>>> print(open('final-v6.cif').read())   # mmCIF, C-alpha atoms
data_start
#
loop_
_atom_site.group_PDB
_atom_site.id
_atom_site.type_symbol
_atom_site.label_atom_id
_atom_site.label_comp_id
_atom_site.auth_asym_id
_atom_site.auth_seq_id
_atom_site.Cartn_x
_atom_site.Cartn_y
_atom_site.Cartn_z
ATOM 1 C CA MET A 12 -2.683 32.824 -57.702
ATOM 2 C CA ASN A 13 -4.475 29.730 -59.030
ATOM 3 C CA ASP A 14 -7.055 27.773 -57.075
ATOM 4 C CA LEU A 15 -4.570 25.179 -55.775
ATOM 5 C CA GLU A 16 -2.251 27.825 -54.399
ATOM 6 C CA MET A 17 -5.218 29.565 -52.795
ATOM 7 C CA TYR A 18 -6.320 26.334 -51.124
ATOM 8 C CA ARG A 19 -2.805 25.727 -49.831
ATOM 9 C CA GLU A 20 -2.635 29.240 -48.425
ATOM 10 C CA SER A 21 -5.972 28.727 -46.691
ATOM 11 C CA LEU A 22 -4.687 25.447 -45.251
ATOM 12 C CA ALA A 23 -1.574 27.168 -43.916
ATOM 13 C CA LEU A 24 -3.757 29.806 -42.233
ATOM 14 C CA CYS A 25 -5.826 27.019 -40.637
ATOM 15 C CA ASP A 26 -2.622 25.412 -39.343
ATOM 16 C CA ASP A 27 -1.549 28.704 -37.804
ATOM 17 C CA LYS A 28 -4.909 29.017 -36.062
ATOM 18 C CA ILE A 29 -4.638 25.447 -34.760
ATOM 19 C CA ILE A 30 -1.132 26.075 -33.401
ATOM 20 C CA ASP A 31 -2.242 29.282 -31.657
ATOM 21 C CA ALA A 32 -5.292 27.509 -30.213
ATOM 22 C CA LEU A 33 -3.212 24.584 -28.926
ATOM 23 C CA VAL A 34 -0.718 26.928 -27.277
ATOM 24 C CA GLU A 35 -3.605 28.800 -25.607
ATOM 25 C CA ARG A 36 -5.221 25.520 -24.568
ATOM 26 C CA SER A 37 -1.979 24.310 -22.962
ATOM 27 C CA LYS A 38 -1.684 27.566 -21.014
ATOM 28 C CA ILE A 39 -5.276 27.157 -19.784
ATOM 29 C CA VAL A 40 -4.509 23.596 -18.632
ATOM 30 C CA GLU A 41 -1.621 24.965 -16.550
ATOM 31 C CA LYS A 42 -3.861 27.714 -15.131
ATOM 32 C CA ILE A 43 -6.462 25.112 -14.116
ATOM 33 C CA MET A 44 -3.765 23.086 -12.355
ATOM 34 C CA ALA A 45 -2.517 26.180 -10.523
ATOM 35 C CA TYR A 46 -6.080 27.086 -9.489
ATOM 36 C CA LYS A 47 -6.737 23.611 -8.105
ATOM 37 C CA GLU A 48 -3.507 23.707 -6.112
ATOM 38 C CA GLU A 49 -4.170 27.211 -4.754
ATOM 39 C CA TYR A 50 -7.667 26.348 -3.520
ATOM 40 C CA GLY A 51 -6.945 22.795 -2.429
ATOM 41 C CA MET A 52 -9.228 21.191 -5.007
ATOM 42 C CA PRO A 53 -8.850 17.537 -6.042
ATOM 43 C CA ILE A 54 -6.382 17.206 -8.904
ATOM 44 C CA LEU A 55 -8.130 14.115 -10.231
ATOM 45 C CA GLN A 56 -11.587 14.891 -11.602
ATOM 46 C CA PRO A 57 -12.662 12.021 -13.882
ATOM 47 C CA GLN A 58 -16.238 13.320 -13.941
ATOM 48 C CA GLN A 59 -15.037 16.516 -15.643
ATOM 49 C CA GLU A 60 -13.154 14.483 -18.221
ATOM 50 C CA ALA A 61 -16.308 12.470 -18.914
ATOM 51 C CA LYS A 62 -18.283 15.713 -19.270
ATOM 52 C CA GLN A 63 -15.815 17.053 -21.836
ATOM 53 C CA ALA A 64 -15.929 13.793 -23.795
ATOM 54 C CA LEU A 65 -19.744 13.911 -23.891
ATOM 55 C CA ARG A 66 -19.704 17.529 -25.084
ATOM 56 C CA LEU A 67 -17.357 16.586 -27.927
ATOM 57 C CA GLU A 68 -19.530 13.612 -28.899
ATOM 58 C CA GLU A 69 -22.620 15.807 -29.061
ATOM 59 C CA LYS A 70 -20.878 18.507 -31.080
ATOM 60 C CA LEU A 71 -19.568 16.034 -33.664
ATOM 61 C CA ASN A 72 -22.644 13.827 -33.761
ATOM 62 C CA ASP A 73 -23.439 14.235 -37.489
ATOM 63 C CA ASN A 74 -20.128 15.646 -38.681
ATOM 64 C CA LYS A 75 -18.671 13.729 -41.633
ATOM 65 C CA TYR A 76 -15.165 14.294 -40.213
ATOM 66 C CA ARG A 77 -16.190 12.969 -36.792
ATOM 67 C CA GLU A 78 -13.768 10.010 -36.716
ATOM 68 C CA GLU A 79 -10.763 12.068 -37.779
ATOM 69 C CA ILE A 80 -11.519 14.915 -35.360
ATOM 70 C CA MET A 81 -12.116 12.492 -32.463
ATOM 71 C CA ASP A 82 -8.738 10.922 -33.168
ATOM 72 C CA ILE A 83 -7.051 14.337 -33.056
ATOM 73 C CA PHE A 84 -8.819 15.270 -29.818
ATOM 74 C CA GLU A 85 -7.685 12.029 -28.206
ATOM 75 C CA CYS A 86 -4.100 13.113 -28.895
ATOM 76 C CA ILE A 87 -4.872 16.569 -27.512
ATOM 77 C CA ARG A 88 -6.317 15.072 -24.311
ATOM 78 C CA MET A 89 -3.320 12.796 -23.857
ATOM 79 C CA ASN A 90 -0.906 15.674 -24.243
ATOM 80 C CA SER A 91 -2.911 17.804 -21.816
ATOM 81 C CA LYS A 92 -2.529 15.013 -19.268
ATOM 82 C CA LYS A 93 1.213 14.946 -19.895
ATOM 83 C CA ILE A 94 1.386 18.696 -19.227
ATOM 84 C CA GLN A 95 -0.405 18.122 -15.913
ATOM 85 C CA ALA A 96 1.920 15.258 -15.001
ATOM 86 C CA ARG A 97 5.062 17.253 -15.774
ATOM 87 C CA LYS A 98 3.828 20.113 -13.621
ATOM 88 C CA LEU A 99 3.011 17.816 -10.716
ATOM 89 C CA PHE A 100 5.713 15.177 -10.878
ATOM 90 C CA ASP A 101 9.170 16.147 -12.080
ATOM 91 C CA TYR A 102 10.353 12.745 -10.902
ATOM 92 C CA ASN A 103 9.384 9.077 -10.921
ATOM 93 C CA ILE A 104 6.704 7.745 -8.590
ATOM 94 C CA VAL A 105 7.932 4.482 -7.099
ATOM 95 C CA MET A 106 5.239 2.340 -5.517
ATOM 96 C CA ILE A 107 6.225 -0.248 -2.944
ATOM 97 C CA GLY A 108 4.259 -2.501 -0.646
ATOM 98 C CA PHE A 109 3.311 -6.072 0.040
ATOM 99 C CA MET A 110 1.821 -8.113 -2.789
ATOM 100 C CA GLY A 111 -1.858 -7.330 -3.165
ATOM 101 C CA ALA A 112 -1.548 -3.855 -1.656
ATOM 102 C CA GLY A 113 -2.778 -2.319 -4.916
ATOM 103 C CA LYS A 114 0.424 -1.132 -6.600
ATOM 104 C CA SER A 115 -0.474 -2.284 -10.115
ATOM 105 C CA THR A 116 -4.073 -1.075 -9.879
ATOM 106 C CA VAL A 117 -3.052 2.375 -8.631
ATOM 107 C CA ALA A 118 -0.283 2.679 -11.220
ATOM 108 C CA GLU A 119 -2.664 1.865 -14.069
ATOM 109 C CA TYR A 120 -5.250 4.382 -12.838
ATOM 110 C CA LEU A 121 -2.671 7.154 -12.490
ATOM 111 C CA SER A 122 -1.360 6.266 -15.932
ATOM 112 C CA THR A 123 -4.853 6.765 -17.360
ATOM 113 C CA MET A 124 -5.338 10.089 -15.585
ATOM 114 C CA PHE A 125 -1.896 11.557 -16.351
ATOM 115 C CA ALA A 126 -0.730 9.675 -19.471
ATOM 116 C CA MET A 127 2.348 8.528 -17.555
ATOM 117 C CA GLU A 128 4.276 5.427 -18.547
ATOM 118 C CA VAL A 129 4.009 2.450 -16.182
ATOM 119 C CA VAL A 130 6.928 0.132 -15.540
ATOM 120 C CA GLU A 131 5.817 -3.050 -13.788
ATOM 121 C CA MET A 132 9.103 -4.350 -12.446
ATOM 122 C CA ASP A 133 8.000 -7.997 -12.245
ATOM 123 C CA GLN A 134 6.648 -7.926 -15.798
ATOM 124 C CA GLU A 135 9.763 -6.182 -17.079
ATOM 125 C CA ILE A 136 12.004 -8.821 -15.504
ATOM 126 C CA VAL A 137 9.842 -11.625 -16.902
ATOM 127 C CA LYS A 138 10.187 -10.079 -20.361
ATOM 128 C CA GLU A 139 13.949 -9.630 -20.058
ATOM 129 C CA GLU A 140 14.569 -13.121 -18.667
ATOM 130 C CA GLY A 141 12.097 -14.895 -20.925
ATOM 131 C CA MET A 142 10.549 -16.909 -18.109
ATOM 132 C CA SER A 143 7.978 -16.518 -15.332
ATOM 133 C CA ILE A 144 8.920 -15.404 -11.833
ATOM 134 C CA PRO A 145 8.272 -18.876 -10.324
ATOM 135 C CA ASP A 146 10.566 -20.312 -13.022
ATOM 136 C CA ILE A 147 13.263 -17.714 -12.269
ATOM 137 C CA PHE A 148 13.101 -18.623 -8.573
ATOM 138 C CA ALA A 149 13.179 -22.349 -9.331
ATOM 139 C CA THR A 150 16.005 -22.106 -11.888
ATOM 140 C CA TYR A 151 18.296 -19.427 -10.468
ATOM 141 C CA GLY A 152 17.081 -18.743 -6.936
ATOM 142 C CA GLU A 153 15.779 -15.666 -5.148
ATOM 143 C CA GLU A 154 19.183 -13.927 -5.035
ATOM 144 C CA TYR A 155 19.340 -13.874 -8.836
ATOM 145 C CA PHE A 156 15.847 -12.374 -9.024
ATOM 146 C CA ARG A 157 16.800 -9.667 -6.499
ATOM 147 C CA ASN A 158 19.838 -8.831 -8.645
ATOM 148 C CA CYS A 159 17.508 -8.353 -11.615
ATOM 149 C CA GLU A 160 15.435 -5.905 -9.542
ATOM 150 C CA THR A 161 18.526 -3.900 -8.609
ATOM 151 C CA GLU A 162 19.731 -3.635 -12.197
ATOM 152 C CA LEU A 163 16.307 -2.496 -13.400
ATOM 153 C CA LEU A 164 16.133 0.223 -10.733
ATOM 154 C CA LYS A 165 19.542 1.482 -11.849
ATOM 155 C CA LYS A 166 18.258 1.772 -15.419
ATOM 156 C CA MET A 167 15.284 3.840 -14.218
ATOM 157 C CA GLN A 168 17.552 6.541 -12.775
ATOM 158 C CA SER A 169 17.848 8.143 -16.202
ATOM 159 C CA ARG A 170 14.051 8.418 -16.542
ATOM 160 C CA LYS A 171 11.491 10.705 -14.975
ATOM 161 C CA ASN A 172 7.722 11.091 -14.938
ATOM 162 C CA VAL A 173 7.377 7.298 -14.857
ATOM 163 C CA LEU A 174 5.199 5.178 -12.558
ATOM 164 C CA ILE A 175 7.281 2.296 -11.222
ATOM 165 C CA SER A 176 5.362 -0.551 -9.577
ATOM 166 C CA CYS A 177 7.810 -2.628 -7.537
ATOM 167 C CA GLY A 178 7.662 -6.239 -6.521
ATOM 168 C CA GLY A 179 6.836 -6.921 -2.882
ATOM 169 C CA GLY A 180 10.413 -7.750 -1.843
ATOM 170 C CA VAL A 181 12.304 -5.002 -3.627
ATOM 171 C CA VAL A 182 12.938 -2.994 -0.427
ATOM 172 C CA LEU A 183 14.705 -5.903 1.244
ATOM 173 C CA ARG A 184 17.944 -4.533 -0.189
ATOM 174 C CA GLU A 185 19.140 -1.176 1.084
ATOM 175 C CA CYS A 186 20.849 -0.463 -2.233
ATOM 176 C CA ASN A 187 17.467 -0.767 -3.980
ATOM 177 C CA VAL A 188 15.993 1.917 -1.750
ATOM 178 C CA GLU A 189 18.933 4.175 -2.567
ATOM 179 C CA GLN A 190 18.306 3.665 -6.290
ATOM 180 C CA MET A 191 14.589 4.480 -5.899
ATOM 181 C CA LYS A 192 15.245 7.759 -4.126
ATOM 182 C CA LYS A 193 17.804 9.036 -6.641
ATOM 183 C CA ASN A 194 15.081 10.141 -9.025
ATOM 184 C CA GLY A 195 11.793 9.366 -7.375
ATOM 185 C CA ARG A 196 9.332 9.663 -4.526
ATOM 186 C CA VAL A 197 8.662 6.363 -2.784
ATOM 187 C CA VAL A 198 5.000 5.658 -2.028
ATOM 188 C CA LEU A 199 4.157 2.797 0.331
ATOM 189 C CA LEU A 200 0.718 1.274 -0.221
ATOM 190 C CA THR A 201 -0.570 -0.765 2.688
ATOM 191 C CA ALA A 202 -3.470 -3.147 3.284
ATOM 192 C CA SER A 203 -4.563 -5.480 6.047
ATOM 193 C CA PRO A 204 -3.528 -9.175 5.889
ATOM 194 C CA GLU A 205 -7.200 -10.074 5.411
ATOM 195 C CA GLU A 206 -7.544 -7.710 2.468
ATOM 196 C CA VAL A 207 -4.295 -8.934 0.917
ATOM 197 C CA TYR A 208 -5.416 -12.544 1.219
ATOM 198 C CA GLU A 209 -8.659 -11.798 -0.610
ATOM 199 C CA ARG A 210 -6.697 -10.146 -3.410
ATOM 200 C CA VAL A 211 -4.041 -12.866 -3.891
ATOM 201 C CA LYS A 212 -5.780 -16.106 -2.877
ATOM 202 C CA ASP A 213 -6.525 -17.104 -6.482
ATOM 203 C CA SER A 214 -3.065 -16.257 -7.837
ATOM 204 C CA ASP A 215 -0.443 -18.943 -8.468
ATOM 205 C CA ASP A 216 2.280 -16.436 -9.364
ATOM 206 C CA ARG A 217 3.422 -15.747 -5.785
ATOM 207 C CA PRO A 218 6.396 -18.017 -4.974
ATOM 208 C CA ILE A 219 7.114 -16.187 -1.714
ATOM 209 C CA LEU A 220 3.709 -17.341 -0.400
ATOM 210 C CA ALA A 221 4.390 -21.016 -1.063
ATOM 211 C CA GLY A 222 3.073 -22.958 1.929
ATOM 212 C CA ARG A 223 1.691 -19.892 3.692
ATOM 213 C CA LYS A 224 -1.076 -18.541 1.486
ATOM 214 C CA ASN A 225 -3.362 -17.754 4.396
ATOM 215 C CA VAL A 226 -4.061 -14.736 6.579
ATOM 216 C CA LYS A 227 -1.659 -15.882 9.308
ATOM 217 C CA GLY A 228 1.199 -16.560 6.891
ATOM 218 C CA ILE A 229 0.643 -13.250 5.091
ATOM 219 C CA ALA A 230 0.493 -11.323 8.382
ATOM 220 C CA GLU A 231 3.787 -12.848 9.529
ATOM 221 C CA LEU A 232 5.562 -11.993 6.280
ATOM 222 C CA MET A 233 4.110 -8.480 6.257
ATOM 223 C CA GLU A 234 5.308 -7.866 9.804
ATOM 224 C CA ALA A 235 8.779 -9.163 8.923
ATOM 225 C CA ARG A 236 8.992 -6.578 6.130
ATOM 226 C CA ARG A 237 7.081 -3.713 7.747
ATOM 227 C CA GLU A 238 10.094 -1.892 9.181
ATOM 228 C CA LYS A 239 11.942 -1.876 5.844
ATOM 229 C CA TYR A 240 8.830 -0.721 3.974
ATOM 230 C CA GLU A 241 8.212 2.180 6.333
ATOM 231 C CA ALA A 242 11.874 3.219 6.395
ATOM 232 C CA ALA A 243 11.935 3.401 2.582
ATOM 233 C CA ALA A 244 8.683 5.332 2.175
ATOM 234 C CA ASP A 245 8.329 9.065 1.590
ATOM 235 C CA ILE A 246 4.561 8.754 2.105
ATOM 236 C CA ILE A 247 2.269 5.929 3.241
ATOM 237 C CA VAL A 248 -1.255 5.396 1.874
ATOM 238 C CA ASN A 249 -3.582 2.702 3.195
ATOM 239 C CA THR A 250 -5.813 1.097 0.548
ATOM 240 C CA ASP A 251 -8.286 -0.825 2.737
ATOM 241 C CA HIS A 252 -11.949 -0.186 1.865
ATOM 242 C CA LYS A 253 -11.097 2.628 -0.561
ATOM 243 C CA THR A 254 -11.811 2.980 -4.256
ATOM 244 C CA VAL A 255 -8.836 3.356 -6.557
ATOM 245 C CA LEU A 256 -9.887 6.979 -7.132
ATOM 246 C CA GLN A 257 -9.813 7.686 -3.388
ATOM 247 C CA VAL A 258 -6.381 6.105 -3.049
ATOM 248 C CA CYS A 259 -5.025 8.080 -6.007
ATOM 249 C CA GLU A 260 -6.506 11.361 -4.780
ATOM 250 C CA GLU A 261 -4.822 10.883 -1.404
ATOM 251 C CA LEU A 262 -1.549 9.876 -3.050
ATOM 252 C CA VAL A 263 -1.462 12.913 -5.336
ATOM 253 C CA GLN A 264 -2.445 15.279 -2.519
ATOM 254 C CA ARG A 265 0.229 13.913 -0.209
ATOM 255 C CA LEU A 266 2.941 14.153 -2.865
ATOM 256 C CA THR A 267 1.877 17.697 -3.737
ATOM 257 C CA GLU A 268 2.012 18.712 -0.081
ATOM 258 C CA MET A 269 5.417 17.074 0.294
ATOM 259 C CA ASP A 270 6.824 18.977 -2.687
ATOM 260 C CA GLY A 271 5.395 22.225 -1.334
ATOM 261 C CA GLU A 272 7.162 21.921 2.003
#
>>> encode(input="final-v6.cif", output="structure tokens")
Amino acid sequence: MNDLEMYRESLALCDDKIIDALVERSKIVEKIMAYKEEYGMPILQPQQEAKQALRLEEKLNDNKYREEIMDIFECIRMNSKKIQARKLFDYNIVMIGFMGAGKSTVAEYLSTMFAMEVVEMDQEIVKEEGMSIPDIFATYGEEYFRNCETELLKKMQSRKNVLISCGGGVVLRECNVEQMKKNGRVVLLTASPEEVYERVKDSDDRPILAGRKNVKGIAELMEARREKYEAAADIIVNTDHKTVLQVCEELVQRLTEMDGE
């Protein structure tokens, strides 16, 4: 065996060790998830993730392969999150609620923690139609926009493990609710009219609020939709005066409890 063949054999042995280590690591991730569930511990622990990242930084501080190894570990972390998400959510999480309730913020945070894909329905429709939502309303009317929402929800039936953030009026159609529940758990995020106003007052991308962008107008529209929101929801989480971590912890806990019933 010449030197090149010897090096290649050594490389193959390293690959075998890496594969075995990754398999063992994935099993440990599943054991950690099971332990947390058994003892009622919070699933989301960003401080632990930060601790692991710091440990890796310290270990690779002066290593000449630092950049390459960090890149590999980022992939490992992402895939560990996907393992957690698959174990927890063998379905789509569909978030509904009035505009400003926190759907996009919560979806993005959960996406970071679980490496789940986010589908922002409004953004997806804007991309497909090639125009803004106010322009869609002005050009084709609200009924056309609602049809776009329905068609997008139908497409999502074939997916799973996706975070779907719905527009505020998506539950106004009963058929939309039926589409959501075919492959998902529906989470209603709520907030007070005062809180919603503070969150949307500087936005010009809310055609439904035209002429009533004030606490009174928001409260009236919220009340008009409340019954449909609550009827569609599998769980309800209030977001007032809570951090996004607190909201997500409650959401995950409630979904886990629901699936365990």
>>> closest_residue(input="final-v6.cif", among="A:Phe148, A:Val137, A:Gln168, A:Gly113", to="Met191 in chain A", atoms="only C-alpha atoms")
A:Gln168
>>> resolve_selection(input="final-v6.cif", expression="the PyMOL selection byres ((chain A and resi 201) around 8)", output="JSON, numbers by chain")
{"A": [108, 109, 112, 199, 200, 202, 203, 247, 248, 249, 250, 251]}
>>> atom_distance(input="final-v6.cif", atom1="CA of Pro53 in chain A", atom2="CA of Glu68 in chain A")
25.5 Å
>>> closest_residue(input="final-v6.cif", among="A:Glu49, A:Asp133, A:Glu16, A:Glu185", to="Lys239 in chain A", atoms="only C-alpha atoms")
A:Glu185
>>> closest_residue(input="final-v6.cif", among="A:Gln190, A:Gln257, A:Gln264, A:Thr161", to="Gly51 in chain A", atoms="all atoms listed in the file")
A:Gln264
>>> closest_residue(input="final-v6.cif", among="A:Glu154, A:Glu48, A:Glu119, A:Asp31", to="Cys259 in chain A", atoms="all atoms listed in the file")
A:Glu119
>>> resolve_selection(input="final-v6.cif", expression="the PyMOL selection byres ((chain A and resi 76-92) around 8)", output="VMD selection string")
chain A and resid 37 40 71 to 75 93 to 96 124 to 126
>>> residues_around(input="final-v6.cif", residues="Ala118 in chain A", least_positions_apart="2", cutoff="8 Å", atoms="only C-alpha atoms", output="list in words")
Met106, Lys114, Ser115, Thr116, Tyr120, Leu121, Ser122, Val129, Leu174, Ile175 and Ser176 of chain A
>>> resolve_selection(input="final-v6.cif", expression="the PyMOL selection byres ((chain A and resi 134) around 10)", output="number ranges by chain")
A: 130-133, 135-140, 143-144, 176-178
>>> atom_distance(input="final-v6.cif", atom1="CA of Thr150 in chain A", atom2="CA of Glu238 in chain A")
29.8 Å
>>> atom_distance(input="final-v6.cif", atom1="CA of Gly179 in chain A", atom2="CA of Phe156 in chain A")
12.2 Å
>>> closest_residue(input="final-v6.cif", among="A:Ala23, A:Cys186, A:Ala235, A:Ile43", to="Arg157 in chain A", atoms="only C-alpha atoms")
A:Cys186
>>> closest_residue(input="final-v6.cif", among="A:Lys171, A:Arg184, A:Arg19, A:Lys227", to="Glu205 in chain A", atoms="all atoms listed in the file")
A:Lys227
>>> build_atoms(input="final-v6.cif", residues="range 86-98 of chain A", atoms="N, CA, C and O atoms", output="PDB file, keeping the file's coordinate frame")
ATOM      1  N   CYS A  86      -5.505  12.705 -29.029  1.00  0.00           N
ATOM      2  CA  CYS A  86      -4.100  13.113 -28.895  1.00  0.00           C
ATOM      3  C   CYS A  86      -3.971  14.385 -28.058  1.00  0.00           C
ATOM      4  O   CYS A  86      -3.062  14.506 -27.229  1.00  0.00           O
ATOM      5  N   ILE A  87      -4.893  15.322 -28.274  1.00  0.00           N
ATOM      6  CA  ILE A  87      -4.872  16.569 -27.512  1.00  0.00           C
ATOM      7  C   ILE A  87      -5.084  16.285 -26.023  1.00  0.00           C
ATOM      8  O   ILE A  87      -4.385  16.835 -25.159  1.00  0.00           O
ATOM      9  N   ARG A  88      -6.049  15.418 -25.718  1.00  0.00           N
ATOM     10  CA  ARG A  88      -6.317  15.072 -24.311  1.00  0.00           C
ATOM     11  C   ARG A  88      -5.110  14.401 -23.665  1.00  0.00           C
ATOM     12  O   ARG A  88      -4.750  14.699 -22.520  1.00  0.00           O
ATOM     13  N   MET A  89      -4.492  13.482 -24.397  1.00  0.00           N
ATOM     14  CA  MET A  89      -3.320  12.796 -23.857  1.00  0.00           C
ATOM     15  C   MET A  89      -2.196  13.773 -23.561  1.00  0.00           C
ATOM     16  O   MET A  89      -1.529  13.691 -22.519  1.00  0.00           O
ATOM     17  N   ASN A  90      -1.979  14.706 -24.456  1.00  0.00           N
ATOM     18  CA  ASN A  90      -0.906  15.674 -24.243  1.00  0.00           C
ATOM     19  C   ASN A  90      -1.234  16.665 -23.131  1.00  0.00           C
ATOM     20  O   ASN A  90      -0.334  17.136 -22.434  1.00  0.00           O
ATOM     21  N   SER A  91      -2.510  16.963 -22.946  1.00  0.00           N
ATOM     22  CA  SER A  91      -2.911  17.804 -21.816  1.00  0.00           C
ATOM     23  C   SER A  91      -2.598  17.100 -20.498  1.00  0.00           C
ATOM     24  O   SER A  91      -2.141  17.718 -19.527  1.00  0.00           O
ATOM     25  N   LYS A  92      -2.845  15.793 -20.471  1.00  0.00           N
ATOM     26  CA  LYS A  92      -2.529  15.013 -19.268  1.00  0.00           C
ATOM     27  C   LYS A  92      -1.028  15.005 -18.989  1.00  0.00           C
ATOM     28  O   LYS A  92      -0.592  15.068 -17.847  1.00  0.00           O
ATOM     29  N   LYS A  93      -0.238  14.930 -20.063  1.00  0.00           N
ATOM     30  CA  LYS A  93       1.213  14.946 -19.895  1.00  0.00           C
ATOM     31  C   LYS A  93       1.687  16.280 -19.331  1.00  0.00           C
ATOM     32  O   LYS A  93       2.616  16.329 -18.514  1.00  0.00           O
ATOM     33  N   ILE A  94       1.048  17.369 -19.762  1.00  0.00           N
ATOM     34  CA  ILE A  94       1.386  18.696 -19.227  1.00  0.00           C
ATOM     35  C   ILE A  94       1.104  18.733 -17.734  1.00  0.00           C
ATOM     36  O   ILE A  94       1.905  19.237 -16.931  1.00  0.00           O
ATOM     37  N   GLN A  95      -0.056  18.180 -17.331  1.00  0.00           N
ATOM     38  CA  GLN A  95      -0.405  18.122 -15.913  1.00  0.00           C
ATOM     39  C   GLN A  95       0.620  17.300 -15.137  1.00  0.00           C
ATOM     40  O   GLN A  95       1.061  17.694 -14.051  1.00  0.00           O
ATOM     41  N   ALA A  96       0.980  16.142 -15.695  1.00  0.00           N
ATOM     42  CA  ALA A  96       1.920  15.258 -15.001  1.00  0.00           C
ATOM     43  C   ALA A  96       3.283  15.911 -14.826  1.00  0.00           C
ATOM     44  O   ALA A  96       3.902  15.815 -13.761  1.00  0.00           O
ATOM     45  N   ARG A  97       3.762  16.591 -15.872  1.00  0.00           N
ATOM     46  CA  ARG A  97       5.062  17.253 -15.774  1.00  0.00           C
ATOM     47  C   ARG A  97       5.054  18.344 -14.722  1.00  0.00           C
ATOM     48  O   ARG A  97       6.046  18.556 -14.026  1.00  0.00           O
ATOM     49  N   LYS A  98       3.928  19.042 -14.622  1.00  0.00           N
ATOM     50  CA  LYS A  98       3.828  20.113 -13.621  1.00  0.00           C
ATOM     51  C   LYS A  98       3.806  19.545 -12.207  1.00  0.00           C
ATOM     52  O   LYS A  98       4.388  20.113 -11.284  1.00  0.00           O
TER      53      LYS A  98
END
